[in-house]
Amino acid sequence: MMTSLEKRLTIGEIEARIDAIIATPNAMLMAEAPALAEEMLSMGESILEAWLDARGETPTDETHEGFRLLALHRQGARGNPSFNACRETCRELVYHRNLILYDPAAADVAHAIRVGAMVVRHLALFIGGKLQADGLGEFCCSSRPIRRAETTPNDKETA
Amino acid sequence: MAGDMKYKRVAYYPGCALEGSGHAYNRSTKAVGKALGLDLVEVENWNCCGAMEVKNIDPKIQTYLSARTLGTTEEMGFDTVMAPCNGCYHNLKKAEYDLGHDPASVEVNDRLATKAGHRPYKAGKVETIHALDWIKHSIGEDGIRERVKNSLKGVKIANYYGCMYTRPRHIFPEKDQGPGTESTAKPHFMDDILAAAGAENVDFPLKTACCGGAHTLSDSDTSTKLVLNILTAAEACGAEVIATECPTCHTGLEMHQVRAEKVLGKKTNIKILYFTQLLGMALGLSARKVGVNENFSDARPLLKEKGLG
């Protein structure tokens, strides 16, 4: 199975790749479980890189709690706290990657891969939606004004 | 802590959604309270919390609107107000935080309250809780187990909390305080309550993921895709039901479930029910009593199959 580890995919390509992973038969998913775990994590990083690129920032190469994905999320949330609406989605992606690698031969590893893929898809849809709406205002209604600096002095929530 | 007497009788702030699209949540919350022996006293002459519409234009006016409801609660002699809607809950908490930390918000609140002819609310007088806090702390899991008449045994549930119940962390200082408190990273109060009622909670990775609620008017397709992903993930995790605790999330899940089938040709079978509807039926209330017939998502055949309602 071809993976997307070699090149950075666009968000649209990631959504298509996720559809393909979910449709892959169990036996093939099980055969490539470790590679798929890393690929899904990589796709998550690509999604956050797209967000940072769009904001004119250089995506960090640092890690947080051992994962670049989480460092990228913290970077994306800096000055933009509504980005925290995908904080747990990123952490769930790391969890599923770890779960798959913990026992790649587990009987239910195909299930873990598919659910992990759905987590990646949610991240892609959420960030894709934010990017689309960028010219129209914030995507997440719950948090734009509340955390603006002029509203409260303690708007320092990060990942 | 469970059995907390101070939550046995609290002020009730339903908010606008519970008088409209979330009517079944209002009905089932009141019915559950009655069945559990808890008193809800509706805040008199309550007003809009400022929701997202006012907040997006001027957050300080939203703070004032929410503070007015907190002030009325205090004047009624209550030190606790329960808001079952995530948006209301979030906004009352935000107002409390702003009035305790931001002098500019205090100034606007005081000025508008004076102009409106009532005493300005001061931070620290009223505690805002969610319906989950109310049941978890006043009755607790043991109390629920003792009262269950129709166990939810065999009902596989994905608990969906939405994005506003836990964010931003700084307006919820009582959360993440160790055992017995709610977690902002992995909320579990709804899981705990429904498990005590016999339900089988599935491991669901999108319990706090965005449902695209606010995007539903500006870009419905994105909202539909986000909801569809939540629904399909829940089904993939083995759930038959998504339990909700917010009228906006609930309505979004229901409407976009229908839209996903019509527009994207993607049908999902999972049912969507308020946690208060599930708990109410476990306590022996009928499906009609908790407003199941008001939901778009018709769970009645499934409930019948499970011996509920």
# chains A, B, ... in the order shown; residues from 1 in each chain; ligands from 1
$ closest_atom_pairs --of "chain B" --to "chain A" --cutoff "9 Å" --atoms "only C-alpha atoms" --output "Markdown table"
| residue | atom | partner | partner_atom | distance |
| --- | --- | --- | --- | --- |
| B:Ala51 | CA | A:Ser142 | CA | 8.6 |
| B:Met52 | CA | A:Cys141 | CA | 6.2 |
| B:Glu53 | CA | A:Cys141 | CA | 8.8 |
| B:Lys55 | CA | A:Pro145 | CA | 6.5 |
| B:Asn56 | CA | A:Pro145 | CA | 5.8 |
| B:Ile57 | CA | A:Pro145 | CA | 8.0 |
| B:Asp58 | CA | A:Pro145 | CA | 7.7 |
| B:Pro59 | CA | A:Pro145 | CA | 6.0 |
| B:Lys60 | CA | A:Thr151 | CA | 7.2 |
| B:Gly87 | CA | A:Ser142 | CA | 7.8 |
| B:His90 | CA | A:Ser142 | CA | 8.6 |
| B:Lys94 | CA | A:Ile146 | CA | 7.7 |
| B:Tyr97 | CA | A:Thr152 | CA | 8.6 |
| B:Asp98 | CA | A:Thr152 | CA | 6.2 |
| B:His101 | CA | A:Thr152 | CA | 7.0 |
| B:Asp102 | CA | A:Thr152 | CA | 5.5 |
| B:Pro103 | CA | A:Thr152 | CA | 8.8 |
| B:Ala104 | CA | A:Thr151 | CA | 7.9 |
| B:Ser105 | CA | A:Thr151 | CA | 7.4 |
| B:Cys163 | CA | A:Ala85 | CA | 6.2 |
| B:Met164 | CA | A:Ser142 | CA | 6.6 |
| B:Arg167 | CA | A:Ala85 | CA | 7.6 |
| B:Pro168 | CA | A:Glu157 | CA | 7.1 |
| B:Arg169 | CA | A:Glu157 | CA | 7.2 |
| B:His170 | CA | A:Glu157 | CA | 7.2 |
| B:Ala185 | CA | A:Glu88 | CA | 6.4 |
| B:Lys186 | CA | A:Glu88 | CA | 8.1 |
| B:Phe204 | CA | A:Val115 | CA | 8.9 |
| B:Pro205 | CA | A:Glu92 | CA | 6.2 |
| B:Leu206 | CA | A:Thr89 | CA | 6.9 |
| B:Lys207 | CA | A:Glu88 | CA | 8.9 |
| B:Thr208 | CA | A:Glu88 | CA | 7.1 |
| B:Ala209 | CA | A:Thr89 | CA | 6.5 |
| B:Cys210 | CA | A:Ala85 | CA | 6.5 |
| B:Cys211 | CA | A:Phe126 | CA | 8.9 |
| B:Gly212 | CA | A:Cys140 | CA | 7.5 |
| B:Gly213 | CA | A:Cys141 | CA | 8.0 |
| B:Ala214 | CA | A:Cys141 | CA | 5.5 |
| B:His215 | CA | A:Phe139 | CA | 6.5 |
| B:Ser218 | CA | A:Ala133 | CA | 8.4 |
| B:Asp219 | CA | A:Gly129 | CA | 8.3 |
| B:Thr222 | CA | A:Gly129 | CA | 6.3 |
| B:Ser223 | CA | A:Gly129 | CA | 8.6 |
| B:Lys225 | CA | A:Leu125 | CA | 7.3 |
| B:Leu226 | CA | A:Leu125 | CA | 6.4 |
| B:Asn229 | CA | A:His122 | CA | 6.7 |
| B:Ile230 | CA | A:His122 | CA | 8.0 |
| B:Thr232 | CA | A:Met118 | CA | 8.3 |
| B:Ala233 | CA | A:Met118 | CA | 6.3 |
| B:Ala236 | CA | A:Val115 | CA | 7.0 |
| B:Cys237 | CA | A:Val115 | CA | 7.5 |
$ write_last_selection --atoms "C-alpha atoms" --output "mmCIF file, in the first residue's frame"
data_model
loop_
_atom_site.group_PDB
_atom_site.id
_atom_site.type_symbol
_atom_site.label_atom_id
_atom_site.label_comp_id
_atom_site.auth_asym_id
_atom_site.auth_seq_id
_atom_site.Cartn_x
_atom_site.Cartn_y
_atom_site.Cartn_z
ATOM 1 C CA ALA B 51 -25.124 33.500 23.134
ATOM 2 C CA MET B 52 -22.839 33.843 20.164
ATOM 3 C CA GLU B 53 -24.678 36.601 18.363
ATOM 4 C CA LYS B 55 -20.767 37.968 22.028
ATOM 5 C CA ASN B 56 -19.415 38.150 18.520
ATOM 6 C CA ILE B 57 -20.322 41.840 18.319
ATOM 7 C CA ASP B 58 -19.498 42.972 21.841
ATOM 8 C CA PRO B 59 -18.344 40.450 24.446
ATOM 9 C CA LYS B 60 -18.797 42.923 27.275
ATOM 10 C CA GLY B 87 -23.823 27.813 25.482
ATOM 11 C CA HIS B 90 -20.280 28.647 29.131
ATOM 12 C CA LYS B 94 -17.414 33.505 31.231
ATOM 13 C CA TYR B 97 -14.711 35.083 35.146
ATOM 14 C CA ASP B 98 -14.704 38.451 33.384
ATOM 15 C CA HIS B 101 -10.706 39.520 36.450
ATOM 16 C CA ASP B 102 -11.405 42.333 34.030
ATOM 17 C CA PRO B 103 -12.074 45.849 35.332
ATOM 18 C CA ALA B 104 -13.301 47.006 31.907
ATOM 19 C CA SER B 105 -16.016 44.340 31.948
ATOM 20 C CA CYS B 163 -16.731 21.886 22.505
ATOM 21 C CA MET B 164 -18.149 24.453 24.939
ATOM 22 C CA ARG B 167 -13.390 25.258 26.931
ATOM 23 C CA PRO B 168 -11.688 27.550 27.644
ATOM 24 C CA ARG B 169 -10.215 25.933 30.701
ATOM 25 C CA HIS B 170 -9.674 29.127 32.669
ATOM 26 C CA ALA B 185 -9.394 16.810 28.440
ATOM 27 C CA LYS B 186 -11.547 13.713 28.933
ATOM 28 C CA PHE B 204 -15.441 7.344 21.606
ATOM 29 C CA PRO B 205 -12.598 9.591 20.447
ATOM 30 C CA LEU B 206 -14.660 12.599 19.318
ATOM 31 C CA LYS B 207 -16.556 13.367 22.515
ATOM 32 C CA THR B 208 -15.375 16.991 22.608
ATOM 33 C CA ALA B 209 -14.825 17.490 18.880
ATOM 34 C CA CYS B 210 -16.397 20.413 17.064
ATOM 35 C CA CYS B 211 -19.792 19.691 15.466
ATOM 36 C CA GLY B 212 -19.581 22.763 13.247
ATOM 37 C CA GLY B 213 -22.571 24.245 15.037
ATOM 38 C CA ALA B 214 -21.829 27.887 14.281
ATOM 39 C CA HIS B 215 -20.787 27.121 10.756
ATOM 40 C CA SER B 218 -22.227 30.120 6.616
ATOM 41 C CA ASP B 219 -21.094 26.726 5.311
ATOM 42 C CA THR B 222 -18.675 21.636 6.365
ATOM 43 C CA SER B 223 -21.041 21.243 9.295
ATOM 44 C CA LYS B 225 -19.313 16.594 7.060
ATOM 45 C CA LEU B 226 -18.181 17.235 10.629
ATOM 46 C CA ASN B 229 -17.808 12.050 10.818
ATOM 47 C CA ILE B 230 -18.980 12.162 14.448
ATOM 48 C CA THR B 232 -19.868 7.379 11.629
ATOM 49 C CA ALA B 233 -17.101 7.329 14.239
ATOM 50 C CA ALA B 236 -17.659 2.441 14.202
ATOM 51 C CA CYS B 237 -17.059 2.418 17.946
#
$ residues_around --residues "Ala50 (chain A)" --least-positions-apart "5" --cutoff "12 Å" --atoms "only C-alpha atoms" --output "ChimeraX atom specification"
/A:8-12,14,43-45,55-59,72-73,76,123-124,127-128,130-132
$ select_by_dssp --residues "region 110-156 of chain B" --states "helix (DSSP H, G or I)" --output "list in words"
Asp110, Arg111, Leu112, Ala113, Thr114, Lys115, Ala116, Ala131, Leu132, Asp133, Trp134, Ile135, Lys136, His137, Ser138, Gly140, Glu141, Asp142, Gly143, Ile144, Arg145, Glu146 and Arg147 of chain B
$ select_by_dssp --residues "region 232-303 of chain B" --states "strand (DSSP E)" --output "list in words"
Val241, Ile242, Ala243, Thr244, Lys271, Ile272, Leu273 and Tyr274 of chain B
$ atom_distance --atom1 "CA of Ala116 (chain B)" --atom2 "CA of Phe78 (chain B)"
21.9 Å
$ residues_around --residues "Ala107 (chain A)" --least-positions-apart "3" --cutoff "12 Å" --atoms "only C-alpha atoms" --output "list in words"
Asn26, Ala27, Leu29, Met30, Ala31, Ala33, Ile100, Asp103, Pro104, Ala110, His111, Ala112 and Ile113 of chain A
$ residues_around --residues "Val10 (chain B)" --least-positions-apart "2" --cutoff "9 Å" --atoms "only C-alpha atoms" --output "JSON, numbers by chain"
{"B": [6, 7, 8, 12, 38, 39, 40, 41, 42, 78, 79, 80, 81, 82, 134]}
$ residues_around --residues "region 129-133 of chain B" --least-positions-apart "5" --cutoff "9 Å" --atoms "only C-alpha atoms" --output "VMD selection string"
chain B and resid 7 29 80 to 86 89 93 138 165 182 189 to 190 193 245 276
$ closest_residue --among "B:Leu278, B:Met5, B:Ile157, B:Leu18" --to "Thr251 (chain B)" --atoms "only C-alpha atoms"
B:Leu18
$ residues_around --residues "Asn109 (chain B)" --least-positions-apart "5" --cutoff "9 Å" --atoms "only C-alpha atoms" --output "MDAnalysis selection string"
chainID B and resid 60:61 63:65 67:68 99 104 114 120:121
$ closest_residue --among "B:Lys175, B:Lys30, B:Lys125, B:Arg288" --to "Glu75 (chain B)" --atoms "only C-alpha atoms"
B:Lys125
$ atom_distance --atom1 "CA of Asn80 (chain A)" --atom2 "CA of Cys16 (chain B)"
28.8 Å
$ atom_distance --atom1 "CA of Ala71 (chain A)" --atom2 "CA of Asn98 (chain A)"
16.8 Å
$ closest_residue --among "A:Val120, A:Ile18, A:Ala105, A:Leu99" --to "Leu41 (chain A)" --atoms "only C-alpha atoms"
A:Val120
